[in-house]
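Take a look at the structure below.
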Amino acid sequence: GQSLEQPSEVTAVEGAIVQINCTYQTSGFYGLSWYQQHDGGAPTFLSYNALDGLEETGRFSSFLSRSDSYGYLLLQELQMKDSASYFCAVRDGGALIFGKGTTLSVSS
Amino acid sequence: EAQVTQNPRYLITVTGKKLTVTCSQNMNHEYMSWYRQDPGLGLRQIYYSMNVEVTDKGDVPEGYKVSRKEKRNFPLILESPSPNQTSLYFCASSRTSGGFEQFFGPGTRLTVL
(Lines give C-alpha, C1' and ligand atoms only; values in the text may rest on other atoms or scores of the structure.)
Protein backbone atom coordinates (compact mmCIF):
# COMPACT_ATOMS: atom_id res chain seq x y z
CA GLY A 1 0.00 0.00 0.00
CA GLN A 2 0.85 3.65 -0.04
CA SER A 3 1.53 6.04 2.82
CA LEU A 4 2.38 9.74 2.93
CA GLU A 5 3.84 11.79 5.75
CA GLN A 6 3.61 15.54 6.04
CA PRO A 7 3.81 17.87 9.04
CA SER A 8 0.47 18.61 10.67
CA GLU A 9 1.09 22.33 11.21
CA VAL A 10 3.37 25.08 9.99
CA THR A 11 3.35 28.74 11.02
CA ALA A 12 4.96 31.70 9.29
CA VAL A 13 4.68 35.47 8.93
CA GLU A 14 3.61 37.51 5.95
CA GLY A 15 6.32 37.91 3.36
CA ALA A 16 8.25 34.85 4.51
CA ILE A 17 9.02 31.62 2.67
CA VAL A 18 7.73 28.29 3.90
CA GLN A 19 8.40 24.74 2.79
CA ILE A 20 5.95 21.88 3.36
CA ASN A 21 7.54 18.47 3.05
CA CYS A 22 5.99 15.20 1.97
CA THR A 23 7.59 11.78 2.12
CA TYR A 24 5.88 8.81 0.58
CA GLN A 25 6.06 5.04 0.41
CA THR A 26 4.67 3.49 -2.72
CA SER A 27 4.68 0.17 -4.52
CA GLY A 28 4.72 2.05 -7.83
CA PHE A 29 5.10 5.75 -8.51
CA TYR A 30 3.20 7.91 -10.98
CA GLY A 31 3.77 11.38 -9.63
CA LEU A 32 3.12 13.68 -6.67
CA SER A 33 0.33 16.24 -6.56
CA TRP A 34 -0.40 19.14 -4.21
CA TYR A 35 -3.76 20.61 -3.26
CA GLN A 36 -4.84 23.62 -1.22
CA GLN A 37 -7.97 23.76 0.89
CA HIS A 38 -9.30 26.79 2.69
CA ASP A 39 -11.42 26.23 5.76
CA GLY A 40 -14.85 24.97 4.75
CA GLY A 41 -14.01 24.94 1.07
CA ALA A 42 -13.21 22.45 -1.63
CA PRO A 43 -9.62 21.37 -2.32
CA THR A 44 -8.04 23.02 -5.35
CA PHE A 45 -5.22 21.60 -7.44
CA LEU A 46 -1.86 23.40 -7.17
CA SER A 47 0.77 21.32 -8.91
CA TYR A 48 1.92 17.94 -10.16
CA ASN A 49 5.45 16.52 -10.44
CA ALA A 50 6.13 13.33 -12.36
CA LEU A 51 9.86 13.87 -12.81
CA ASP A 52 12.64 15.02 -10.49
CA GLY A 53 13.17 18.71 -10.10
CA LEU A 54 11.42 21.95 -9.40
CA GLU A 55 8.19 23.17 -10.99
CA GLU A 56 7.38 26.84 -10.52
CA THR A 57 3.99 28.47 -10.76
CA GLY A 58 4.01 32.05 -9.55
CA ARG A 59 4.68 32.22 -5.83
CA PHE A 60 4.33 28.46 -5.46
CA SER A 61 6.91 25.84 -6.45
CA SER A 62 6.92 22.09 -6.05
CA PHE A 63 9.91 19.81 -5.93
CA LEU A 64 10.30 16.07 -6.34
CA SER A 65 13.14 13.65 -5.68
CA ARG A 66 12.08 10.16 -6.68
CA SER A 67 15.27 8.56 -5.35
CA ASP A 68 14.49 9.97 -1.89
CA SER A 69 10.71 9.39 -2.13
CA TYR A 70 10.36 13.01 -1.13
CA GLY A 71 8.77 16.17 -2.33
CA TYR A 72 7.97 19.61 -1.05
CA LEU A 73 5.77 22.58 -1.74
CA LEU A 74 7.49 25.96 -1.45
CA LEU A 75 5.40 29.06 -0.86
CA GLN A 76 7.13 32.41 -1.28
CA GLU A 77 6.11 35.95 -0.35
CA LEU A 78 3.50 34.58 1.97
CA GLN A 79 0.18 36.36 2.20
CA MET A 80 -2.60 36.06 4.77
CA LYS A 81 -4.77 34.37 2.14
CA ASP A 82 -2.26 31.49 1.98
CA SER A 83 -3.50 30.34 5.40
CA ALA A 84 -5.03 27.00 4.49
CA SER A 85 -4.46 23.27 4.57
CA TYR A 86 -2.11 21.73 2.02
CA PHE A 87 -2.26 18.09 0.94
CA CYS A 88 0.17 15.98 -1.02
CA ALA A 89 -1.20 13.02 -2.98
CA VAL A 90 0.12 10.02 -4.91
CA ARG A 91 -1.47 7.40 -7.11
CA ASP A 92 -1.93 3.75 -6.18
CA GLY A 93 -3.14 2.10 -9.38
CA GLY A 94 -6.21 4.16 -10.24
CA ALA A 95 -6.78 5.34 -6.69
CA LEU A 96 -5.48 8.63 -5.36
CA ILE A 97 -4.06 8.63 -1.81
CA PHE A 98 -3.84 11.89 0.11
CA GLY A 99 -1.66 12.81 3.05
CA LYS A 100 -3.41 13.97 6.21
CA GLY A 101 -2.65 17.58 5.38
CA THR A 102 -0.54 20.45 6.72
CA THR A 103 -2.28 23.45 8.21
CA LEU A 104 -0.42 26.65 7.37
CA SER A 105 -1.09 29.69 9.52
CA VAL A 106 0.21 33.00 8.25
CA SER A 107 0.33 35.90 10.70
CA SER A 108 0.97 39.60 10.15
CA GLU B 1 -18.71 27.54 -16.50
CA ALA B 2 -16.66 24.37 -15.98
CA GLN B 3 -17.68 22.83 -12.71
CA VAL B 4 -18.46 19.83 -10.54
CA THR B 5 -21.82 20.04 -8.82
CA GLN B 6 -23.07 18.06 -5.86
CA ASN B 7 -26.51 17.81 -4.33
CA PRO B 8 -27.57 18.18 -1.65
CA ARG B 9 -25.00 20.45 0.00
CA TYR B 10 -26.27 19.66 3.47
CA LEU B 11 -28.23 16.65 4.67
CA ILE B 12 -29.36 15.44 8.06
CA THR B 13 -30.85 11.98 8.08
CA VAL B 14 -31.47 9.02 10.36
CA THR B 15 -29.80 5.65 10.62
CA GLY B 16 -30.92 3.20 7.97
CA LYS B 17 -32.68 5.60 5.62
CA LYS B 18 -31.27 5.14 2.14
CA LEU B 19 -29.87 8.26 0.50
CA THR B 20 -28.15 9.33 -2.70
CA VAL B 21 -25.75 12.21 -3.17
CA THR B 22 -25.55 13.26 -6.79
CA CYS B 23 -22.43 14.43 -8.58
CA SER B 24 -22.24 15.86 -12.07
CA GLN B 25 -19.43 17.41 -14.13
CA ASN B 26 -19.70 19.36 -17.37
CA MET B 27 -16.06 19.03 -18.49
CA ASN B 28 -16.30 15.66 -20.26
CA HIS B 29 -13.84 14.23 -17.77
CA GLU B 30 -12.89 10.55 -17.81
CA TYR B 31 -12.08 10.13 -14.13
CA MET B 32 -14.51 10.73 -11.26
CA SER B 33 -14.12 10.02 -7.60
CA TRP B 34 -15.73 10.33 -4.18
CA TYR B 35 -13.90 11.29 -0.98
CA ARG B 36 -14.83 11.71 2.61
CA GLN B 37 -13.04 14.15 4.87
CA ASP B 38 -12.91 13.78 8.62
CA PRO B 39 -10.93 15.90 11.10
CA GLY B 40 -7.35 14.70 11.40
CA LEU B 41 -7.78 12.04 8.71
CA GLY B 42 -7.46 14.11 5.58
CA LEU B 43 -9.19 13.09 2.37
CA ARG B 44 -9.91 9.41 1.96
CA GLN B 45 -11.07 8.01 -1.33
CA ILE B 46 -14.27 5.98 -1.26
CA TYR B 47 -14.72 4.92 -4.89
CA TYR B 48 -13.38 6.04 -8.22
CA SER B 49 -14.29 5.54 -11.85
CA MET B 50 -11.87 5.72 -14.75
CA ASN B 51 -14.64 5.66 -17.36
CA VAL B 52 -18.29 4.80 -17.97
CA GLU B 53 -19.29 1.47 -16.42
CA VAL B 54 -15.85 1.17 -14.77
CA THR B 55 -15.73 1.67 -11.01
CA ASP B 56 -13.31 0.55 -8.34
CA LYS B 57 -12.88 0.70 -4.59
CA GLY B 58 -10.76 3.31 -2.92
CA ASP B 59 -9.51 3.32 0.63
CA VAL B 60 -12.83 3.27 2.50
CA PRO B 61 -15.60 1.72 0.35
CA GLU B 62 -17.55 -0.12 3.06
CA GLY B 63 -21.14 1.05 3.35
CA TYR B 64 -21.15 2.90 0.00
CA LYS B 65 -22.17 2.14 -3.57
CA VAL B 66 -21.58 4.01 -6.79
CA SER B 67 -22.52 3.73 -10.43
CA ARG B 68 -21.25 5.34 -13.63
CA LYS B 69 -23.90 4.93 -16.31
CA GLU B 70 -23.09 8.24 -18.01
CA LYS B 71 -19.80 10.06 -18.30
CA ARG B 72 -21.02 13.19 -16.52
CA ASN B 73 -22.72 11.61 -13.47
CA PHE B 74 -21.33 9.64 -10.55
CA PRO B 75 -23.84 9.27 -7.71
CA LEU B 76 -22.87 8.06 -4.25
CA ILE B 77 -25.40 5.77 -2.57
CA LEU B 78 -25.64 4.95 1.11
CA GLU B 79 -28.04 2.02 1.34
CA SER B 80 -28.24 2.00 5.13
CA PRO B 81 -26.44 5.01 6.59
CA SER B 82 -24.92 4.79 10.03
CA PRO B 83 -23.62 7.53 12.37
CA ASN B 84 -19.99 6.72 11.49
CA GLN B 85 -20.76 7.92 7.96
CA THR B 86 -21.31 11.43 9.27
CA SER B 87 -18.71 13.35 7.32
CA LEU B 88 -17.94 15.93 4.65
CA TYR B 89 -18.11 14.35 1.21
CA PHE B 90 -16.43 15.61 -1.95
CA CYS B 91 -16.89 14.52 -5.52
CA ALA B 92 -14.06 15.21 -7.95
CA SER B 93 -13.28 14.73 -11.64
CA SER B 94 -10.15 14.70 -13.75
CA ARG B 95 -9.56 15.03 -17.47
CA THR B 96 -7.28 12.01 -17.63
CA SER B 97 -7.60 8.54 -16.19
CA GLY B 98 -4.44 9.27 -14.21
CA GLY B 99 -6.51 11.56 -12.05
CA PHE B 100 -3.72 13.82 -10.90
CA GLU B 101 -5.35 17.18 -11.53
CA GLN B 102 -8.69 16.81 -9.85
CA PHE B 103 -11.50 19.37 -9.82
CA PHE B 104 -13.56 19.14 -6.67
CA GLY B 105 -17.21 19.82 -6.09
CA PRO B 106 -18.30 22.13 -3.26
CA GLY B 107 -18.88 19.29 -0.79
CA THR B 108 -21.85 17.70 0.94
CA ARG B 109 -22.04 17.80 4.71
CA LEU B 110 -23.87 14.70 5.87
CA THR B 111 -25.08 14.05 9.41
CA VAL B 112 -26.53 10.65 10.28
CA LEU B 113 -28.40 10.57 13.58
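Following the order of the C-alpha coordinates, first chain is A, next is B, and so on, with residues numbered from 1 inside each chain and ligands from 1 in the order they appear.
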
Neighbour list for B:Leu11 as number ranges by chain, cut-off 10 Å, only C-alpha atoms, skip fewer than 5 positions in-chain
B: 19, 21, 86, 108-112

Can you write out the residues you just picked, keeping all heavy atoms, as an mmCIF file, in the first residue's frame?
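Below you can see selection_38.cif, which holds the result:
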data_model
loop_
_atom_site.group_PDB
_atom_site.id
_atom_site.type_symbol
_atom_site.label_atom_id
_atom_site.label_comp_id
_atom_site.auth_asym_id
_atom_site.auth_seq_id
_atom_site.Cartn_x
_atom_site.Cartn_y
_atom_site.Cartn_z
ATOM 1 N N LEU B 19 -30.010 6.935 1.102
ATOM 2 C CA LEU B 19 -29.870 8.257 0.498
ATOM 3 C C LEU B 19 -28.893 8.210 -0.665
ATOM 4 O O LEU B 19 -28.044 7.319 -0.755
ATOM 5 C CB LEU B 19 -29.420 9.281 1.542
ATOM 6 C CG LEU B 19 -28.026 9.127 2.132
ATOM 7 C CD1 LEU B 19 -26.998 9.953 1.349
ATOM 8 C CD2 LEU B 19 -28.008 9.564 3.588
ATOM 9 N N VAL B 21 -26.360 10.903 -2.935
ATOM 10 C CA VAL B 21 -25.753 12.210 -3.175
ATOM 11 C C VAL B 21 -25.345 12.241 -4.645
ATOM 12 O O VAL B 21 -24.602 11.366 -5.109
ATOM 13 C CB VAL B 21 -24.525 12.450 -2.284
ATOM 14 C CG1 VAL B 21 -23.994 13.864 -2.487
ATOM 15 C CG2 VAL B 21 -24.865 12.205 -0.814
ATOM 16 N N THR B 86 -21.235 9.969 9.138
ATOM 17 C CA THR B 86 -21.312 11.425 9.268
ATOM 18 C C THR B 86 -19.971 12.001 8.869
ATOM 19 O O THR B 86 -18.929 11.645 9.439
ATOM 20 C CB THR B 86 -21.645 11.812 10.722
ATOM 21 O OG1 THR B 86 -22.975 11.387 11.014
ATOM 22 C CG2 THR B 86 -21.524 13.322 10.918
ATOM 23 N N THR B 108 -20.556 18.002 0.333
ATOM 24 C CA THR B 108 -21.852 17.695 0.941
ATOM 25 C C THR B 108 -21.603 17.330 2.397
ATOM 26 O O THR B 108 -20.867 16.385 2.684
ATOM 27 C CB THR B 108 -22.525 16.513 0.224
ATOM 28 O OG1 THR B 108 -22.829 16.893 -1.119
ATOM 29 C CG2 THR B 108 -23.794 16.092 0.955
ATOM 30 N N ARG B 109 -22.205 18.105 3.283
ATOM 31 C CA ARG B 109 -22.038 17.803 4.707
ATOM 32 C C ARG B 109 -23.193 16.924 5.150
ATOM 33 O O ARG B 109 -24.343 17.355 5.154
ATOM 34 C CB ARG B 109 -21.978 19.083 5.527
ATOM 35 C CG ARG B 109 -21.583 18.821 6.979
ATOM 36 C CD ARG B 109 -21.177 20.080 7.703
ATOM 37 N NE ARG B 109 -19.912 20.625 7.249
ATOM 38 C CZ ARG B 109 -18.715 20.173 7.589
ATOM 39 N NH1 ARG B 109 -18.605 19.110 8.381
ATOM 40 N NH2 ARG B 109 -17.623 20.767 7.151
ATOM 41 N N LEU B 110 -22.867 15.688 5.500
ATOM 42 C CA LEU B 110 -23.870 14.702 5.874
ATOM 43 C C LEU B 110 -23.800 14.408 7.366
ATOM 44 O O LEU B 110 -22.725 14.147 7.902
ATOM 45 C CB LEU B 110 -23.644 13.397 5.093
ATOM 46 C CG LEU B 110 -24.507 12.200 5.506
ATOM 47 C CD1 LEU B 110 -25.972 12.468 5.201
ATOM 48 C CD2 LEU B 110 -24.033 10.932 4.809
ATOM 49 N N THR B 111 -24.950 14.446 8.003
ATOM 50 C CA THR B 111 -25.078 14.048 9.407
ATOM 51 C C THR B 111 -26.079 12.910 9.490
ATOM 52 O O THR B 111 -27.207 13.034 9.001
ATOM 53 C CB THR B 111 -25.561 15.211 10.286
ATOM 54 O OG1 THR B 111 -24.633 16.296 10.172
ATOM 55 C CG2 THR B 111 -25.665 14.783 11.740
ATOM 56 N N VAL B 112 -25.647 11.806 10.095
ATOM 57 C CA VAL B 112 -26.527 10.648 10.285
ATOM 58 C C VAL B 112 -26.789 10.502 11.777
ATOM 59 O O VAL B 112 -25.863 10.295 12.563
ATOM 60 C CB VAL B 112 -25.903 9.356 9.720
ATOM 61 C CG1 VAL B 112 -26.889 8.195 9.874
ATOM 62 C CG2 VAL B 112 -25.505 9.538 8.265
#

Starting from chain B, keep only residues with some atom at most 9 Å from an atom of chain A, counting only C-alpha atoms, and report them as a VMD selection string.
chain B and resid 33 40 to 45 47 to 50 56 to 59 90 97 to 107

Can you work out the spacing between atom CA of B:Thr15 and atom CA of B:Ser82 in Å, to one decimal?
5.0 Å

As a ChimeraX atom specification, list the residues of stretch 40-103 of chain B assigned to strand (DSSP E or B) by DSSP on the backbone atoms of this structure.
/B:42-51,54-57,65-66,73,76-78,87-94,102-103

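The shortest atom-to-atom distance to A:Ser107, with only C-alpha atoms taken into account, belongs to A:Met80 out of A:Ala16, A:Met80, A:Leu51, A:Cys88.
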
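Atom pair atom CA of B:Tyr89 / atom CA of A:Asp82 has a distance of 23.4 Å (rounded to one decimal).
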
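For the pair atom CA of B:Glu62 and atom CA of B:Met27, the separation is 28.9 Å.
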
Set the distance at 9 Å and use only C-alpha atoms: which residues neighbour B:Gln25 once local chain neighbours fewer than 2 positions away are removed? I'd like the list as a count of residues only.
16

Distance criterion (only C-alpha atoms): nearest to B:Glu79 out of B:Glu1, B:Ile12, B:Lys18, B:Val60
B:Lys18

Show me, as a ChimeraX atom specification, the residues that have an atom within 7 Å of A:Gly53 when counting only C-alpha atoms, minus same-chain residues fewer than 5 positions from it.
/A:63-65

Dump as a JSON list (two decimals), in the first residue's frame, selection limited to all heavy atoms:
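To be explicit, this is the file written out as again.json:
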[["chain", "number", "residue", "atom", "x", "y", "z"],
["A", 63, "PHE", "N", 8.68, 20.54, -5.65],
["A", 63, "PHE", "CA", 9.91, 19.81, -5.93],
["A", 63, "PHE", "C", 9.69, 18.33, -5.72],
["A", 63, "PHE", "O", 8.93, 17.92, -4.83],
["A", 63, "PHE", "CB", 11.02, 20.31, -4.99],
["A", 63, "PHE", "CG", 12.29, 19.51, -5.06],
["A", 63, "PHE", "CD1", 13.21, 19.74, -6.07],
["A", 63, "PHE", "CD2", 12.55, 18.50, -4.14],
["A", 63, "PHE", "CE1", 14.38, 18.99, -6.15],
["A", 63, "PHE", "CE2", 13.71, 17.75, -4.20],
["A", 63, "PHE", "CZ", 14.62, 18.00, -5.21],
["A", 64, "LEU", "N", 10.38, 17.52, -6.50],
["A", 64, "LEU", "CA", 10.30, 16.07, -6.34],
["A", 64, "LEU", "C", 11.68, 15.45, -6.46],
["A", 64, "LEU", "O", 12.45, 15.81, -7.37],
["A", 64, "LEU", "CB", 9.38, 15.47, -7.42],
["A", 64, "LEU", "CG", 9.28, 13.95, -7.44],
["A", 64, "LEU", "CD1", 8.62, 13.42, -6.17],
["A", 64, "LEU", "CD2", 8.51, 13.48, -8.67],
["A", 65, "SER", "N", 11.96, 14.50, -5.57],
["A", 65, "SER", "CA", 13.14, 13.65, -5.68],
["A", 65, "SER", "C", 12.65, 12.21, -5.58],
["A", 65, "SER", "O", 12.31, 11.73, -4.48],
["A", 65, "SER", "CB", 14.15, 13.94, -4.57],
["A", 65, "SER", "OG", 15.15, 12.94, -4.53]]

Residues within 7 Å of A:Glu5, please, as a list in words. Count only C-alpha atoms; anything in the same chain fewer than 3 positions from it doesn't count.
Cys22, Thr23, Tyr24 and Gly99 of chain A

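Using only C-alpha atoms, the nearest neighbour of A:Gly15 within the list A:Gln79, A:Gln36, A:Gln2, A:Ser61 is A:Gln79.
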